[in-house]
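*Asks:* Sharing start-v1.tsv here; it has TSV, C-alpha atoms.
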chain	number	residue	atom	x	y	z
K	1	GLY	CA	5.31	-4.76	15.06
K	2	GLU	CA	1.82	-4.18	13.75
K	3	ASN	CA	-0.21	-7.08	12.36
K	4	VAL	CA	-3.36	-6.47	10.32
K	5	GLU	CA	-5.73	-9.30	9.52
K	6	GLN	CA	-8.46	-8.96	6.91
K	7	HIS	CA	-11.44	-11.08	6.00
K	8	PRO	CA	-13.04	-12.39	3.96
K	9	SER	CA	-10.43	-13.05	1.30
K	10	THR	CA	-13.13	-13.22	-1.38
K	11	LEU	CA	-16.61	-11.74	-1.45
K	12	SER	CA	-19.29	-11.97	-4.12
K	13	VAL	CA	-22.43	-9.86	-3.95
K	14	GLN	CA	-25.28	-9.09	-6.27
K	15	GLU	CA	-25.38	-5.63	-7.79
K	16	GLY	CA	-27.23	-3.30	-5.46
K	17	ASP	CA	-26.48	-5.30	-2.33
K	18	SER	CA	-24.08	-4.19	0.41
K	19	ALA	CA	-20.56	-5.47	1.00
K	20	VAL	CA	-18.72	-5.51	4.32
K	21	ILE	CA	-15.02	-6.16	4.81
K	22	LYS	CA	-13.51	-6.44	8.27
K	23	CYS	CA	-10.01	-5.93	9.64
K	24	THR	CA	-8.35	-6.31	13.01
K	25	TYR	CA	-5.07	-4.85	14.14
K	26	SER	CA	-2.70	-5.70	16.95
K	27	ASP	CA	-0.90	-2.50	17.92
K	28	SER	CA	-2.97	-0.19	20.10
K	29	ALA	CA	-0.67	2.70	19.11
K	30	SER	CA	-2.02	2.61	15.54
K	31	ASN	CA	-4.02	5.73	14.88
K	32	TYR	CA	-4.61	5.86	11.13
K	33	PHE	CA	-6.60	3.35	9.08
K	34	PRO	CA	-6.89	3.82	5.31
K	35	TRP	CA	-8.68	1.62	2.81
K	36	TYR	CA	-7.32	1.14	-0.68
K	37	LYS	CA	-8.89	-0.22	-3.86
K	38	GLN	CA	-6.59	-1.94	-6.33
K	39	GLU	CA	-7.63	-2.80	-9.84
K	40	LEU	CA	-5.73	-5.26	-11.96
K	41	GLY	CA	-2.40	-3.88	-13.09
K	42	LYS	CA	-2.73	-0.67	-11.12
K	43	GLY	CA	-1.43	0.69	-7.87
K	44	PRO	CA	-3.61	0.94	-4.75
K	45	GLN	CA	-5.96	3.93	-4.73
K	46	LEU	CA	-7.13	5.46	-1.46
K	47	ILE	CA	-10.90	5.37	-1.14
K	48	ILE	CA	-11.46	6.39	2.45
K	49	ASP	CA	-9.55	6.66	5.71
K	50	ILE	CA	-10.29	7.11	9.38
K	51	ARG	CA	-8.27	8.37	12.29
K	52	SER	CA	-8.51	7.15	15.85
K	53	ASN	CA	-10.39	10.19	17.13
K	54	VAL	CA	-13.38	9.32	14.94
K	55	GLY	CA	-15.64	6.27	15.20
K	56	GLU	CA	-17.30	6.44	11.80
K	57	LYS	CA	-16.80	8.22	8.51
K	58	LYS	CA	-18.94	8.20	5.39
K	59	ASP	CA	-18.38	9.26	1.81
K	60	GLN	CA	-21.37	8.66	-0.46
K	61	ARG	CA	-21.75	4.86	-0.78
K	62	ILE	CA	-18.66	4.08	1.30
K	63	ALA	CA	-18.39	4.12	5.06
K	64	VAL	CA	-15.77	3.00	7.55
K	65	THR	CA	-16.25	2.25	11.25
K	66	LEU	CA	-13.56	1.99	13.89
K	67	ASN	CA	-13.69	0.30	17.28
K	68	LYS	CA	-10.46	1.13	19.11
K	69	THR	CA	-11.36	-0.90	22.17
K	70	ALA	CA	-11.77	-4.06	20.13
K	71	LYS	CA	-9.06	-3.02	17.66
K	72	HIS	CA	-11.11	-3.60	14.57
K	73	PHE	CA	-12.40	-1.53	11.69
K	74	SER	CA	-14.72	-2.24	8.80
K	75	LEU	CA	-15.49	-1.04	5.30
K	76	HIS	CA	-19.09	-0.84	4.17
K	77	ILE	CA	-20.06	-0.37	0.54
K	78	THR	CA	-23.76	0.13	-0.15
K	79	GLU	CA	-25.62	-0.13	-3.45
K	80	THR	CA	-22.72	-1.98	-5.02
K	81	GLN	CA	-22.04	-1.58	-8.73
K	82	PRO	CA	-20.01	-3.75	-11.12
K	83	GLU	CA	-17.27	-1.11	-11.18
K	84	ASP	CA	-16.76	-1.70	-7.46
K	85	SER	CA	-15.25	-5.07	-8.36
K	86	ALA	CA	-11.57	-4.98	-7.33
K	87	VAL	CA	-9.24	-6.01	-4.52
K	88	TYR	CA	-9.66	-3.97	-1.35
K	89	PHE	CA	-6.92	-3.57	1.24
K	90	CYS	CA	-7.17	-2.25	4.76
K	91	ALA	CA	-4.09	-0.86	6.46
K	92	GLY	CA	-2.95	0.40	9.82
K	93	GLY	CA	-0.42	3.14	10.45
K	94	PHE	CA	1.31	4.75	13.43
K	95	SER	CA	4.17	6.97	14.33
K	96	SER	CA	6.82	5.39	16.48
K	97	GLY	CA	10.16	7.10	16.28
K	98	SER	CA	10.82	7.37	12.58
K	99	ALA	CA	8.48	4.56	11.55
K	100	ARG	CA	5.65	5.77	9.40
K	101	GLN	CA	4.90	2.84	7.17
K	102	LEU	CA	1.50	1.28	6.62
K	103	THR	CA	0.87	-2.35	7.46
K	104	PHE	CA	-1.58	-3.86	5.02
K	105	GLY	CA	-4.06	-6.67	5.30
K	106	SER	CA	-3.96	-9.50	2.80
K	107	GLY	CA	-6.77	-8.12	0.66
K	108	THR	CA	-10.37	-8.95	-0.25
K	109	GLN	CA	-11.33	-9.76	-3.83
K	110	LEU	CA	-14.77	-8.20	-4.25
K	111	THR	CA	-16.88	-9.32	-7.18
K	112	VAL	CA	-20.14	-7.54	-7.89
K	113	LEU	CA	-22.37	-9.70	-10.03
K	114	PRO	CA	-24.64	-7.87	-12.49
Y	1	GLY	CA	-2.08	17.14	-11.31
Y	2	ALA	CA	0.38	14.37	-12.08
Y	3	GLY	CA	0.42	11.43	-9.74
Y	4	VAL	CA	3.25	9.16	-8.71
Y	5	SER	CA	4.97	7.62	-11.70
Y	6	GLN	CA	7.22	4.59	-11.85
Y	7	SER	CA	9.46	3.14	-14.51
Y	8	PRO	CA	9.85	0.73	-16.02
Y	9	ARG	CA	6.35	-0.71	-15.67
Y	10	TYR	CA	7.64	-4.21	-16.41
Y	11	LYS	CA	11.07	-5.68	-16.03
Y	12	VAL	CA	12.29	-9.17	-16.83
Y	13	ALA	CA	15.69	-10.05	-15.44
Y	14	LYS	CA	17.81	-13.14	-15.49
Y	15	ARG	CA	18.81	-14.47	-12.12
Y	16	GLY	CA	21.97	-12.72	-11.00
Y	17	GLN	CA	21.36	-9.50	-12.91
Y	18	ASP	CA	21.14	-6.11	-11.23
Y	19	VAL	CA	18.00	-3.99	-11.70
Y	20	ALA	CA	17.12	-0.37	-10.96
Y	21	LEU	CA	13.56	0.81	-10.45
Y	22	ARG	CA	12.65	4.47	-10.57
Y	23	CYS	CA	10.00	6.44	-8.73
Y	24	ASP	CA	8.91	10.01	-9.46
Y	25	PRO	CA	6.79	11.20	-6.52
Y	26	ILE	CA	4.16	13.89	-6.60
Y	27	SER	CA	5.92	17.25	-6.78
Y	28	GLY	CA	6.59	18.70	-3.36
Y	29	HIS	CA	5.88	15.50	-1.44
Y	30	VAL	CA	8.31	15.17	1.42
Y	31	SER	CA	7.82	11.51	2.27
Y	32	LEU	CA	8.50	8.60	-0.07
Y	33	PHE	CA	7.90	4.92	0.61
Y	34	TRP	CA	8.78	1.72	-1.20
Y	35	TYR	CA	6.65	-1.40	-0.80
Y	36	GLN	CA	6.91	-4.91	-2.22
Y	37	GLN	CA	3.72	-6.71	-3.23
Y	38	ALA	CA	3.86	-10.44	-3.86
Y	39	LEU	CA	1.16	-12.03	-5.99
Y	40	GLY	CA	-2.13	-12.18	-4.14
Y	41	GLN	CA	-0.80	-10.36	-1.09
Y	42	GLY	CA	-0.93	-6.89	0.38
Y	43	PRO	CA	1.97	-4.48	-0.02
Y	44	GLU	CA	4.80	-4.90	2.47
Y	45	PHE	CA	6.95	-2.00	3.61
Y	46	LEU	CA	10.54	-1.83	2.41
Y	47	THR	CA	11.92	1.62	3.17
Y	48	TYR	CA	11.00	5.25	3.89
Y	49	PHE	CA	12.56	8.60	2.99
Y	50	GLN	CA	11.90	12.02	4.40
Y	51	ASN	CA	13.36	14.34	1.78
Y	52	GLU	CA	16.77	12.84	1.01
Y	53	ALA	CA	17.18	11.11	4.37
Y	54	GLN	CA	16.45	7.40	4.55
Y	55	LEU	CA	14.84	7.21	7.97
Y	56	ASP	CA	13.73	3.59	7.96
Y	57	LYS	CA	15.06	0.68	5.94
Y	58	SER	CA	13.93	-2.06	8.27
Y	59	GLY	CA	11.81	-3.76	5.59
Y	60	LEU	CA	14.59	-4.33	3.07
Y	61	PRO	CA	14.84	-8.14	2.86
Y	62	SER	CA	18.59	-8.35	2.34
Y	63	ASP	CA	21.69	-6.31	1.67
Y	64	ARG	CA	21.07	-6.88	-2.03
Y	65	PHE	CA	18.38	-4.22	-1.83
Y	66	PHE	CA	19.43	-0.59	-1.82
Y	67	ALA	CA	17.39	2.60	-2.16
Y	68	GLU	CA	18.38	6.21	-2.57
Y	69	ARG	CA	16.80	9.63	-3.01
Y	70	PRO	CA	19.82	11.92	-3.36
Y	71	GLU	CA	18.02	15.20	-4.10
Y	72	GLY	CA	14.88	14.58	-2.14
Y	73	SER	CA	12.65	13.99	-5.16
Y	74	VAL	CA	13.22	11.03	-7.52
Y	75	SER	CA	14.07	7.75	-5.84
Y	76	THR	CA	15.70	4.59	-7.14
Y	77	LEU	CA	15.38	1.10	-5.71
Y	78	LYS	CA	18.24	-1.12	-6.76
Y	79	ILE	CA	18.33	-4.88	-6.43
Y	80	GLN	CA	21.66	-6.58	-6.94
Y	81	ARG	CA	22.15	-10.18	-8.04
Y	82	THR	CA	18.42	-10.73	-8.43
Y	83	GLN	CA	16.90	-14.02	-7.32
Y	84	GLN	CA	13.62	-15.65	-8.25
Y	85	GLU	CA	12.08	-14.76	-4.89
Y	86	ASP	CA	12.54	-11.09	-5.77
Y	87	SER	CA	9.76	-11.44	-8.37
Y	88	ALA	CA	6.99	-9.11	-7.24
Y	89	VAL	CA	5.40	-5.74	-7.90
Y	90	TYR	CA	7.39	-2.88	-6.39
Y	91	LEU	CA	5.22	0.04	-5.39
Y	92	CYS	CA	6.26	3.55	-4.60
Y	93	ALA	CA	4.12	5.96	-2.58
Y	94	SER	CA	4.53	9.58	-1.59
Y	95	SER	CA	2.86	11.87	0.90
Y	96	THR	CA	2.95	15.50	1.91
Y	97	ARG	CA	3.26	15.35	5.66
Y	98	THR	CA	5.91	13.92	7.91
Y	99	GLY	CA	3.73	13.11	10.90
Y	100	SER	CA	1.64	10.02	11.45
Y	101	GLY	CA	-1.50	9.46	9.47
Y	102	GLU	CA	-0.44	11.13	6.25
Y	103	THR	CA	-2.22	9.99	3.09
Y	104	GLN	CA	0.02	7.91	0.89
Y	105	TYR	CA	-0.52	8.08	-2.86
Y	106	PHE	CA	0.69	5.08	-4.79
Y	107	GLY	CA	2.20	4.76	-8.21
Y	108	PRO	CA	1.23	1.99	-10.68
Y	109	GLY	CA	4.16	-0.18	-9.64
Y	110	THR	CA	6.95	-1.98	-11.44
Y	111	ARG	CA	6.31	-5.66	-12.06
Y	112	LEU	CA	9.62	-7.52	-11.77
Y	113	LEU	CA	9.98	-11.05	-13.03
Y	114	VAL	CA	13.26	-12.84	-12.35
Y	115	LEU	CA	13.83	-15.91	-14.48
Go through the file and emit its structure as structure tokens.

*Replies:*
Amino acid sequence: GENVEQHPSTLSVQEGDSAVIKCTYSDSASNYFPWYKQELGKGPQLIIDIRSNVGEKKDQRIAVTLNKTAKHFSLHITETQPEDSAVYFCAGGFSSGSARQLTFGSGTQLTVLP
Amino acid sequence: GAGVSQSPRYKVAKRGQDVALRCDPISGHVSLFWYQQALGQGPEFLTYFQNEAQLDKSGLPSDRFFAERPEGSVSTLKIQRTQQEDSAVYLCASSTRTGSGETQYFGPGTRLLVL
């Protein structure tokens, strides 16, 4: 099955700086890569996603890049703000028969220092 | 519009008790997923429904775990004879499409503590 590895596990940045979180996946059949933000006591919230026919996608301060050859994808947050502090999860998904679940990374605790 | 809702939000059970966790997906969403999230970890897949059909239950950790979605909307995850290792947050997600790459919208989760 799919295996998604995520690093770093913790990341502290100064407000206004950029943050980068990286993930690798094992199954070349994966074709959908969402990123979720999870705040304490809440469920994961989708912030951006990318599909395998696109190499990069941007939404305001958030961007995701995908390298299918190397099987890795990254989340970039620019001009970080204290409200960006949360746990971020990457995930990989694919369709194989009836399987449609997401496989998540282990998460990155991002702290933006004011 | 309303998102995915789950109840109860918190549940404390004594070891050996049965529990039932409810998920109300976004109206009209065909697909429904259950995930288990241990403390400090990412969500792990448990089971998947397309309408009322349970198409994948490969992630259920034991036969003590049972899920149903009889009318293709509300779903219930039942855990029989709970054990301490069942303590986790149980997340429900729903999505509109049935193909690969559909966006999954998560509920707030039910935090289960087994004493």

*Asks:* Restricting the calculation to only C-alpha atoms: of K:Gly92, K:Gly16, K:Gly105, K:Pro8, which residue gets closest to Pro34 in chain K?

*Replies:*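 So, comparing all the options, the nearest one is K:Gly92.
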
*Asks:* Do me a favour and pick out the residues of chain K within 10 Å of chain Y, using only C-alpha atoms, as a ChimeraX atom specification.

*Replies:* /K:9,30-34,36,38,41-46,48-52,87-109

*Asks:* Could you please determine the separation between CA of Thr76 in chain Y and CA of Cys23 in chain Y in Å, to one decimal place?

*Replies:*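 About the pair CA of Thr76 in chain Y and CA of Cys23 in chain Y: they are 6.2 Å apart.
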
*Asks:* What does the distance from CA of Ser85 in chain K to CA of Thr111 in chain K come to in Å, to one decimal?

*Replies:*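 Result for CA of Ser85 in chain K versus CA of Thr111 in chain K: 4.7 Å, one decimal.
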
*Asks:* Looking at K:Glu5, K:Glu39, K:Glu83, K:Glu56, which one is nearest to Lys22 in chain K, with distances taken over only C-alpha atoms?

*Replies:*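 The closest residue to Lys22 in chain K is K:Glu5.
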
*Asks:* Rounded to one decimal place, report the CA of Lys14 in chain Y-CA of Leu77 in chain Y distance in Å.

*Replies:* 17.4 Å

*Asks:* Since fewer atoms than expected are present, regenerate N, CA and C atoms for range 42-65 of chain Y and write them as a PDB file, in the frame of the given file.

*Replies:*
ATOM      1  N   GLY Y  42      -0.955  -8.330   0.194  1.00  0.00           N
ATOM      2  CA  GLY Y  42      -0.930  -6.890   0.380  1.00  0.00           C
ATOM      3  C   GLY Y  42       0.490  -6.365   0.285  1.00  0.00           C
ATOM      4  N   PRO Y  43       0.631  -5.077   0.024  1.00  0.00           N
ATOM      5  CA  PRO Y  43       1.970  -4.480  -0.020  1.00  0.00           C
ATOM      6  C   PRO Y  43       2.689  -4.610   1.316  1.00  0.00           C
ATOM      7  N   GLU Y  44       3.985  -4.833   1.256  1.00  0.00           N
ATOM      8  CA  GLU Y  44       4.800  -4.900   2.470  1.00  0.00           C
ATOM      9  C   GLU Y  44       5.879  -3.818   2.408  1.00  0.00           C
ATOM     10  N   PHE Y  45       6.027  -3.127   3.509  1.00  0.00           N
ATOM     11  CA  PHE Y  45       6.950  -2.000   3.610  1.00  0.00           C
ATOM     12  C   PHE Y  45       8.402  -2.424   3.380  1.00  0.00           C
ATOM     13  N   LEU Y  46       9.108  -1.620   2.600  1.00  0.00           N
ATOM     14  CA  LEU Y  46      10.540  -1.830   2.410  1.00  0.00           C
ATOM     15  C   LEU Y  46      11.367  -0.730   3.070  1.00  0.00           C
ATOM     16  N   THR Y  47      11.094   0.534   2.678  1.00  0.00           N
ATOM     17  CA  THR Y  47      11.920   1.620   3.170  1.00  0.00           C
ATOM     18  C   THR Y  47      11.192   2.949   3.048  1.00  0.00           C
ATOM     19  N   TYR Y  48      11.667   3.949   3.807  1.00  0.00           N
ATOM     20  CA  TYR Y  48      11.000   5.250   3.890  1.00  0.00           C
ATOM     21  C   TYR Y  48      12.033   6.371   3.851  1.00  0.00           C
ATOM     22  N   PHE Y  49      11.729   7.400   3.074  1.00  0.00           N
ATOM     23  CA  PHE Y  49      12.560   8.600   2.990  1.00  0.00           C
ATOM     24  C   PHE Y  49      11.758   9.813   3.433  1.00  0.00           C
ATOM     25  N   GLN Y  50      12.428  10.686   4.156  1.00  0.00           N
ATOM     26  CA  GLN Y  50      11.900  12.020   4.400  1.00  0.00           C
ATOM     27  C   GLN Y  50      12.883  12.976   3.733  1.00  0.00           C
ATOM     28  N   ASN Y  51      12.444  13.598   2.666  1.00  0.00           N
ATOM     29  CA  ASN Y  51      13.360  14.340   1.780  1.00  0.00           C
ATOM     30  C   ASN Y  51      14.451  13.380   1.323  1.00  0.00           C
ATOM     31  N   GLU Y  52      15.714  13.727   1.488  1.00  0.00           N
ATOM     32  CA  GLU Y  52      16.770  12.840   1.010  1.00  0.00           C
ATOM     33  C   GLU Y  52      17.231  11.837   2.075  1.00  0.00           C
ATOM     34  N   ALA Y  53      16.739  11.970   3.274  1.00  0.00           N
ATOM     35  CA  ALA Y  53      17.180  11.110   4.370  1.00  0.00           C
ATOM     36  C   ALA Y  53      16.380   9.809   4.406  1.00  0.00           C
ATOM     37  N   GLN Y  54      17.089   8.706   4.419  1.00  0.00           N
ATOM     38  CA  GLN Y  54      16.450   7.400   4.550  1.00  0.00           C
ATOM     39  C   GLN Y  54      16.287   7.103   6.024  1.00  0.00           C
ATOM     40  N   LEU Y  55      15.083   7.299   6.535  1.00  0.00           N
ATOM     41  CA  LEU Y  55      14.840   7.210   7.970  1.00  0.00           C
ATOM     42  C   LEU Y  55      14.520   5.803   8.441  1.00  0.00           C
ATOM     43  N   ASP Y  56      14.091   4.935   7.552  1.00  0.00           N
ATOM     44  CA  ASP Y  56      13.730   3.590   7.960  1.00  0.00           C
ATOM     45  C   ASP Y  56      13.971   2.656   6.785  1.00  0.00           C
ATOM     46  N   LYS Y  57      14.828   1.683   6.980  1.00  0.00           N
ATOM     47  CA  LYS Y  57      15.060   0.680   5.940  1.00  0.00           C
ATOM     48  C   LYS Y  57      14.894  -0.715   6.521  1.00  0.00           C
ATOM     49  N   SER Y  58      14.084  -0.804   7.556  1.00  0.00           N
ATOM     50  CA  SER Y  58      13.930  -2.060   8.270  1.00  0.00           C
ATOM     51  C   SER Y  58      13.258  -3.142   7.443  1.00  0.00           C
ATOM     52  N   GLY Y  59      12.519  -2.773   6.396  1.00  0.00           N
ATOM     53  CA  GLY Y  59      11.810  -3.760   5.590  1.00  0.00           C
ATOM     54  C   GLY Y  59      12.617  -4.327   4.436  1.00  0.00           C
ATOM     55  N   LEU Y  60      13.783  -3.801   4.168  1.00  0.00           N
ATOM     56  CA  LEU Y  60      14.590  -4.330   3.070  1.00  0.00           C
ATOM     57  C   LEU Y  60      14.978  -5.763   3.398  1.00  0.00           C
ATOM     58  N   PRO Y  61      14.673  -6.723   2.521  1.00  0.00           N
ATOM     59  CA  PRO Y  61      14.840  -8.140   2.860  1.00  0.00           C
ATOM     60  C   PRO Y  61      16.286  -8.608   2.942  1.00  0.00           C
ATOM     61  N   SER Y  62      17.185  -7.935   2.281  1.00  0.00           N
ATOM     62  CA  SER Y  62      18.590  -8.350   2.340  1.00  0.00           C
ATOM     63  C   SER Y  62      19.471  -7.190   1.915  1.00  0.00           C
ATOM     64  N   ASP Y  63      20.771  -7.379   2.070  1.00  0.00           N
ATOM     65  CA  ASP Y  63      21.690  -6.310   1.670  1.00  0.00           C
ATOM     66  C   ASP Y  63      21.840  -6.210   0.155  1.00  0.00           C
ATOM     67  N   ARG Y  64      21.087  -7.038  -0.579  1.00  0.00           N
ATOM     68  CA  ARG Y  64      21.070  -6.880  -2.030  1.00  0.00           C
ATOM     69  C   ARG Y  64      20.161  -5.735  -2.462  1.00  0.00           C
ATOM     70  N   PHE Y  65      19.332  -5.296  -1.539  1.00  0.00           N
ATOM     71  CA  PHE Y  65      18.380  -4.220  -1.830  1.00  0.00           C
ATOM     72  C   PHE Y  65      18.954  -2.905  -1.300  1.00  0.00           C
TER      73      PHE Y  65
END
